[in-house]
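Okay, so here's the structure we're looking at.
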Amino acid sequence: MKETRSYAEWLPVLKNSDVIYLFLYKKNGTAVNRCAFDNLEKAVRTVSDVKVFFANVEETRDIHPNYPVNTVPILLEFEKGVLKNTLKGCQDSTYYINHFENKMASITAQKEGKPSYSVTVYSTPTCSWCTTLKTYLRKNRIQFTDIDVSRDQDAAREMVNRSGQQGVPQSVINGEVIVGFNKARIDQLLGTK
């Protein structure tokens with residue numbers, strides 16, 4: 001992670017990057033600010049090739065007025081200079097790691113001319129088959145959204161309503177539900193081997 005101290009310093013970096021992140025926080029703010037900074041820093045050390053800059057809004061006051069920011073901490077994601085996504089508050093380092101790895105896999109697939117797919121994985125942290133499924137998708141550079149149904153009861157209900165089953169992992173690939181790690185069906189839908 002690298003600090004940026006002004007909007008003028010940030011703009012050239014932003015314009016010369018395909019994908020880049022800007023983390024805004026208050027260094028002397030609440031525990032949530034410290035939590036987010038520490039977890040993000042840990043994730044950046046884990047994932048190679050991710051560019052993350054940060055600015056302390058208590059000292060650098062000319063960056064956040066240029067973006068739709070009304071609270072910190074917040075992580076802004078840019079693609080080719082355009083704001084594409086925001087992640088608010090403190091997330092676990094594994095959340096940031098998953099996000100970065102998925103984004104990097106998506107970019108690599110695009111550069112290689114591979115098609116993009118809509119993939120959602122419903123999982124829990126203690127499920128070994130969930131880990132196997134997500135590792136397989138990452139290995140094949142398939143971007144996916146990971147939903148932890150142990151923390152999100154609405155998503156758990158949605159999952160059960162969609163499939164009629166409570167077990168995980170479950171994945172939805174371009175609208176088709178797959179219960180468990182059915183490698184043959186996943187390969188068929190995604191064109192992987």
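Residues are named by chain letter and number: chains run A, B, ... in the order of the structure tokens, numbers start at 1 in each chain, and ligands are numbered from 1 in the order shown.
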For Tyr117 of chain A, please output as an MDAnalysis selection string all residues within 9 Å (counting only C-alpha atoms; exclusion window: fewer than 2 positions along the same chain).
chainID A and resid 115 119 142:144 173:174 190
Mind listing the strand (DSSP E) residues of segment 1-192 of chain A, per DSSP on the backbone, as a PyMOL selection string?
chain A and resi 2-3+19-25+52-56+74-79+82-88+119-123+145-148+170-173+176-179
Written file, previous selection with C-alpha atoms, as a PDB file, in the first residue's frame:
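Saved the output as result-v3.pdb:
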```pdb
ATOM      1  CA  LYS A   2       1.217   3.437  -0.835  1.00  0.00           C
ATOM      2  CA  GLU A   3       0.080   6.756   0.567  1.00  0.00           C
ATOM      3  CA  VAL A  19      -7.455  -1.400 -12.001  1.00  0.00           C
ATOM      4  CA  ILE A  20      -6.514   0.492  -8.879  1.00  0.00           C
ATOM      5  CA  TYR A  21      -7.916   1.011  -5.394  1.00  0.00           C
ATOM      6  CA  LEU A  22      -8.010   4.055  -3.149  1.00  0.00           C
ATOM      7  CA  PHE A  23      -8.637   3.562   0.566  1.00  0.00           C
ATOM      8  CA  LEU A  24      -9.902   6.612   2.464  1.00  0.00           C
ATOM      9  CA  TYR A  25      -9.888   6.582   6.261  1.00  0.00           C
ATOM     10  CA  VAL A  52      -3.862   0.006  -3.371  1.00  0.00           C
ATOM     11  CA  PHE A  53      -3.264   3.611  -2.382  1.00  0.00           C
ATOM     12  CA  PHE A  54      -4.514   5.236   0.801  1.00  0.00           C
ATOM     13  CA  ALA A  55      -5.210   8.715   2.110  1.00  0.00           C
ATOM     14  CA  ASN A  56      -5.924   9.942   5.595  1.00  0.00           C
ATOM     15  CA  ILE A  74     -14.148   3.213   2.375  1.00  0.00           C
ATOM     16  CA  LEU A  75     -12.272   1.413  -0.388  1.00  0.00           C
ATOM     17  CA  LEU A  76     -12.859   2.810  -3.879  1.00  0.00           C
ATOM     18  CA  GLU A  77     -12.278   0.530  -6.869  1.00  0.00           C
ATOM     19  CA  PHE A  78     -11.426   2.094 -10.223  1.00  0.00           C
ATOM     20  CA  GLU A  79     -11.195   0.535 -13.676  1.00  0.00           C
ATOM     21  CA  VAL A  82     -13.715   5.192 -13.629  1.00  0.00           C
ATOM     22  CA  LEU A  83     -15.132   4.477 -10.167  1.00  0.00           C
ATOM     23  CA  LYS A  84     -16.734   1.014 -10.386  1.00  0.00           C
ATOM     24  CA  ASN A  85     -17.261  -0.176  -6.815  1.00  0.00           C
ATOM     25  CA  THR A  86     -17.070   0.871  -3.172  1.00  0.00           C
ATOM     26  CA  LEU A  87     -16.469  -1.280  -0.104  1.00  0.00           C
ATOM     27  CA  LYS A  88     -17.494   0.458   3.114  1.00  0.00           C
ATOM     28  CA  VAL A 119     -21.052 -17.048 -10.961  1.00  0.00           C
ATOM     29  CA  THR A 120     -22.265 -16.886  -7.365  1.00  0.00           C
ATOM     30  CA  VAL A 121     -21.086 -19.297  -4.674  1.00  0.00           C
ATOM     31  CA  TYR A 122     -23.062 -19.824  -1.466  1.00  0.00           C
ATOM     32  CA  SER A 123     -20.732 -21.132   1.192  1.00  0.00           C
ATOM     33  CA  THR A 145     -19.250 -13.618  -5.892  1.00  0.00           C
ATOM     34  CA  ASP A 146     -18.865 -15.497  -2.604  1.00  0.00           C
ATOM     35  CA  ILE A 147     -21.786 -15.270  -0.182  1.00  0.00           C
ATOM     36  CA  ASP A 148     -21.267 -16.566   3.352  1.00  0.00           C
ATOM     37  CA  GLN A 170     -24.202 -24.165  -3.934  1.00  0.00           C
ATOM     38  CA  SER A 171     -23.332 -22.219  -7.011  1.00  0.00           C
ATOM     39  CA  VAL A 172     -25.361 -20.353  -9.575  1.00  0.00           C
ATOM     40  CA  ILE A 173     -23.664 -20.242 -12.978  1.00  0.00           C
ATOM     41  CA  GLU A 176     -28.294 -22.544 -13.310  1.00  0.00           C
ATOM     42  CA  VAL A 177     -28.110 -23.896  -9.745  1.00  0.00           C
ATOM     43  CA  ILE A 178     -25.527 -26.542  -8.878  1.00  0.00           C
ATOM     44  CA  VAL A 179     -25.647 -28.162  -5.444  1.00  0.00           C
TER      45      VAL A 179
END
```
Counting only C-alpha atoms, which residue out of A:Gln188, A:Tyr136, A:Leu40, A:Thr124 sits closest to Ala156 of chain A?
A:Thr124
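Between atom CA of Ser118 of chain A and atom CA of Tyr67 of chain A lies a distance of 28.0 Å.
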